[in-house]
Each structure stands twice: as C-alpha cells, then as structure tokens.
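For reference, the structure discussed in these notes is given below.
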Amino acid sequence: KADGPVKVRIGVVTRSLFYAPQYVAVEEGFFKDEGLEIDLQTTPGGDKTMTALLTDAIDVALVGSETSIYVYQQDSKDPVINFAQVTQTDGTFLVSREPVENFDWNQLKGSEFLGQRKGGMPQMAGEFTLKKKGIDPQKDLTLIQNVDFANIPAAFISGTGDYVQLFEPQASIMEKEGKGHVIASFGVESGHLPYTVFMTKQSYIDKNKDTVQKFTDAVYKGQQWVNSHSAEEIADVVLPYFPDTERDIIIRVIDRYKQQGSFATDPVVDEQEWDNLQDVMTEAGELAARTDHEALVNNTFAEQAMK
C-alpha cells in the first residue's frame with residue numbers, strides 16, 4: 001500500500017547485545033527504508049515468544065530455532081518457518097570464581113557447575129560441550145540448574161557454584177568487578193547453530209511475501225553494517241537500548257561476539273547448522289525425532305536479499 005509504512009510486530013525472546021544487528025537495522029533506518037514500521041516487544045523466554053506468535057500477538061519472532069521444531073512436533077497445521085538468521089553460535093561463556101591459568105576442561109570434574117535452564121538452548125549447548133570434552137554433566141560434576149535465568153549471576157556472586165555458564169553482559173560485568181573470570185566460550189566450542197533466527201508462521205509468509213522480503217533485506221543490511229564497523233561504532237548505535245549498561249562493557253561484549261563470529265553475516269540458515277542444532281538437542285534428550293531442514297527453513301528471502 002502506498003498510504004504509509006507496513007507495521008511488523010517483532011517479539012524478541014530477551015533484550016540482548018547478542019542481537020546487535022537487529023537494533024542496528026532499526027536505528028540506522030534500514031527497516032524504514034524498506035517501508036516498514038517496526039514494533040519491538042520483549043516476550044521473555046522461548047515459550048512466551050512462541051505463544052505470542054501462534055496467537056497472532058506478534059508477526060515475527062526472534063528466538064532459537066529449537067522452538068520451531070518443538071511446535072512442528074506437536075503437529076502444527078501452520079508451521080513456524082525460519083527465514084532469517086541473526087546469531088550463529090551459542091552466546092554463553094564459562095566463568096570461574098578464581099583466575100585459572102592454562103584452563104583444561106577436566107578441571108570441571110568434581111566441581112559445582114551453575115548451569116542454565118534445562119531444555120533451553122544455552123543448557124543444551126553447555127552439556128554438548130561438556131560431553132565433547134569427555135565430561136558427563138550428570139556424573140562428573142554437580143550440575144545446578146534450578147536457578148531462575150535472571151538470578152544466576154547473583155547466585156554465583158553469593159557463593160553458589162565453582163563455575164557458572166553466563167550470557168553477556170553479565171560475564172563482562174563480573175570480570176570488570178573482579179568477581180569472576182571468563183575462561184572459555186560455549187559458542188566457540190559448540191560450533192555453528194541457528195541460535196537466534198527470525199521466524200513466522202507459514203500463513204503469514206503466504207499472505208505477506210513482499211513484507212517478509214523487505215524485512216529480510218533490512219536484516220541483511222544490518223548484518224553487513226555490523227560486520228564492517230568496529231565494536232565502538234556498533235556500541236554507539238545500540239546504546240539507547242541498553243541504558244543500564246556502561247559503554248565500555250557494551251564495547252567489550254560486542255567485540256567478544258564479533259571476534260568469535262557469533263553475529264551471522266547473512267540471513268541464510270544452512271543445513272549443516274540445522275543438523276548441528278539437532279545433534280545438540282538429541283544429545284540433550286530433548287528431541288523425539290529429527291525434522292528436515294526444508295520443512296522449517298525457507299532461505300529464498302535470504303538468498304534474494306544477498307543478490
């Protein structure tokens with residue numbers, strides 16, 4: 001329609017520097033240039049985000065691809081389709097209470113490990129990494145996973161666990177305050193995954209192909225901008241979204257994610273990543289049956305955006 005911008009409501013699982021390319025696409029006007037008006041909402045947690053999408057409270061969700069698989073396996077008549085990837089690794093780090101020289105994963109054996117919520121992607125990527133390193137998370141250490149996501153940093157600071165699995169900016173803040181030390185990256189160790197992806201219902205795609213294409217074009221521009229600019233430049237663009245986080249921490253976090261290749265540089269969800277995701281889920285006992293890449297991924301918008 002020529003009578004004004006098309007509104008797209010996005011539900012984001014959490015507000016995070018991990019999603020910098022999205023905020024850049026909004027702030028740099030890439031969505032606006034495509035004739036889209038973006039309504040960003042935080043829908044805490046994968047379950048809430050999916051419910052919002054399935055009940056039409058939002059049009060597009062930015063969430064982990066595992067959620068689309070869970071919906072599909074409940075025999076959904078209107079599957080949730082992954083169409084534009086934003087992050088391509090896990091975003092958590094292994095933080096120790098004391099500084100560790102020459103860290104070896106075997107040092108975790110016999111320790112108390114404060115992990116993430118069971119069945120969530122961070123926890124699955126964490127366990128996948130431990131197993132890859134020859135550690136049985138159920139037997140070789142004491143795994144604590146009954147602490148609410150928001151309270152994990154505080155629980156660690158108050159003395160729970162020898163090691164903790166943390167997202168940014170908590171990991172960098174803890175380091176700056178001298179209360180913890182980042183000693184490894186679960187993102188590096190667990191490999192490329194469709195970790196956070198824009199997805200929508202098949203019915204929405206059928207009715208709004210043009211909007212989905214424009215949306216993906218804007219996302220790709222945001223990704224390219226992030227890829228070609230410094231952590232400082234990116235930090236200054238996304239700063240308004242993180243008023244409670246100091247600029248130096250934001251720079252540190254973005255730099256860390258850039259260095260390890262967490263931000264996808266294009267929106268394609270490739271088959272190798274999809275298979276790796278299902279390996280991680282299967283290993284965690286969270287996947288009843290595997291789902292074909294083509295059943296839940298539509299890369300046509302991403303491929304068109306890159307032309």
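Quick note on naming: the chains in the structure tokens go A, B, ... in the order shown, residues restart at 1 in each chain, and ligands are numbered from 1 in order of appearance.
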(request) Tell me which protein, DNA and RNA residues are within 8 Å of range 13-30 of chain A, counting only C-alpha atoms, leaving out same-chain ones fewer than 3 positions away, and put them as a ChimeraX atom specification. (result) /A:33-34,38,42-46,48-49,61-63,86-87,91,168-169,218-219,221-223,225-226,234,237-238,241,250,253-254,257,262-263
(request) Compile the contact shell of Ala289 in chain A as number ranges by chain: residues with an atom at most 12 Å away, counting only C-alpha atoms, same-chain residues fewer than 6 positions apart removed. (result) A: 69-70, 72-74, 278-279, 281-282
Just list the residues in range 93-241 of chain A DSSP gives helix (DSSP H, G or I) on the backbone, as a compact mmCIF listing (two decimals) with C-alpha atoms, in the first residue's frame.
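Heads up, here's the output in part.txt:
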```txt
# COMPACT_ATOMS: atom_id res chain seq x y z
CA TRP A 105 38.03 -28.75 30.79
CA ASN A 106 38.92 -31.67 33.07
CA GLN A 107 39.27 -29.12 35.86
CA LEU A 108 35.45 -29.07 35.94
CA MET A 121 19.43 -23.80 24.17
CA PRO A 122 22.22 -22.45 26.44
CA GLN A 123 21.95 -25.50 28.70
CA MET A 124 21.93 -27.85 25.70
CA ALA A 125 24.97 -26.16 24.15
CA GLY A 126 26.67 -26.29 27.55
CA GLU A 127 26.06 -30.00 28.05
CA PHE A 128 27.00 -30.75 24.43
CA THR A 129 30.35 -29.02 25.00
CA LEU A 130 31.00 -30.84 28.28
CA LYS A 131 30.31 -34.21 26.66
CA LYS A 132 32.54 -33.31 23.72
CA PHE A 149 17.71 -17.25 34.49
CA ALA A 150 17.61 -13.70 35.90
CA ASN A 151 19.06 -14.81 39.24
CA ILE A 152 22.01 -16.90 38.02
CA PRO A 153 24.65 -14.10 38.23
CA ALA A 154 23.53 -13.12 41.76
CA ALA A 155 23.51 -16.76 42.88
CA PHE A 156 27.10 -17.17 41.69
CA ILE A 157 28.27 -13.95 43.34
CA GLN A 170 26.86 -10.39 32.94
CA ALA A 171 30.12 -12.21 32.13
CA SER A 172 31.98 -8.98 31.30
CA ILE A 173 30.47 -7.09 34.23
CA MET A 174 31.56 -9.84 36.60
CA GLU A 175 35.06 -9.74 35.12
CA LYS A 176 35.26 -5.97 35.44
CA PHE A 186 30.48 -22.26 24.74
CA GLY A 187 29.82 -20.55 21.41
CA VAL A 188 33.27 -21.42 20.10
CA GLU A 189 33.10 -24.98 21.47
CA SER A 190 29.60 -25.99 20.33
CA GLN A 202 3.70 -20.23 7.10
CA SER A 203 0.31 -18.50 6.78
CA TYR A 204 1.97 -15.09 7.38
CA ILE A 205 4.55 -15.79 4.67
CA ASP A 206 1.80 -16.85 2.26
CA LYS A 207 -0.06 -13.56 2.76
CA LYS A 209 5.74 -12.38 0.88
CA ASP A 210 6.66 -8.82 -0.05
CA THR A 211 6.84 -7.72 3.60
CA VAL A 212 8.95 -10.74 4.58
CA GLN A 213 11.35 -9.97 1.70
CA LYS A 214 11.69 -6.32 2.70
CA PHE A 215 12.16 -7.35 6.32
CA THR A 216 14.95 -9.77 5.36
CA ASP A 217 16.58 -7.13 3.13
CA ALA A 218 16.72 -4.77 6.14
CA VAL A 219 18.13 -7.50 8.40
CA TYR A 220 20.86 -8.26 5.85
CA LYS A 221 21.81 -4.57 5.69
CA GLY A 222 22.07 -4.55 9.50
CA GLN A 223 24.29 -7.64 9.41
CA GLN A 224 26.57 -6.11 6.79
CA TRP A 225 26.80 -2.89 8.80
CA VAL A 226 27.78 -4.78 11.95
CA ASN A 227 30.31 -6.82 10.01
CA SER A 228 32.01 -3.74 8.55
CA ALA A 231 32.71 -2.58 18.22
CA GLU A 232 32.85 1.10 19.29
CA GLU A 233 30.74 2.25 16.35
CA ILE A 234 28.19 -0.53 16.89
CA ALA A 235 28.06 0.23 20.63
CA ASP A 236 27.18 3.87 19.97
CA VAL A 237 24.26 2.84 17.73
CA VAL A 238 22.76 0.28 20.14
CA LEU A 239 23.45 2.27 23.33
CA PRO A 240 19.84 3.61 23.62
CA TYR A 241 18.56 0.04 24.05
```
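You will find CA of Thr300 in chain A at 10.8 Å from CA of Asn82 in chain A.
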(request) Find the residues around Glu303 in chain A up to 9 Å (only C-alpha atoms counted), leave out those fewer than 3 positions away in its own chain, and share them as a count of residues only. (result) 7
(message) Restricting the calculation to only C-alpha atoms: of A:Gln145, A:Gln41, A:Ser185, A:Ser230, which residue gets closest to Asp255 in chain A?
(response)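 Among the listed residues, A:Ser230 lies closest to Asp255 in chain A.
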(message) Measuring between only C-alpha atoms, which one of A:Arg290, A:Lys139, A:Arg256, A:Lys7 shows the shortest distance to Val60 in chain A?
(response)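 Counting only C-alpha atoms, the residue closest to Val60 in chain A is A:Lys7.
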(message) If I take CA of Ser68 in chain A and CA of Glu273 in chain A, how far is one from the other in Å, to one decimal?
(response) 14.7 Å
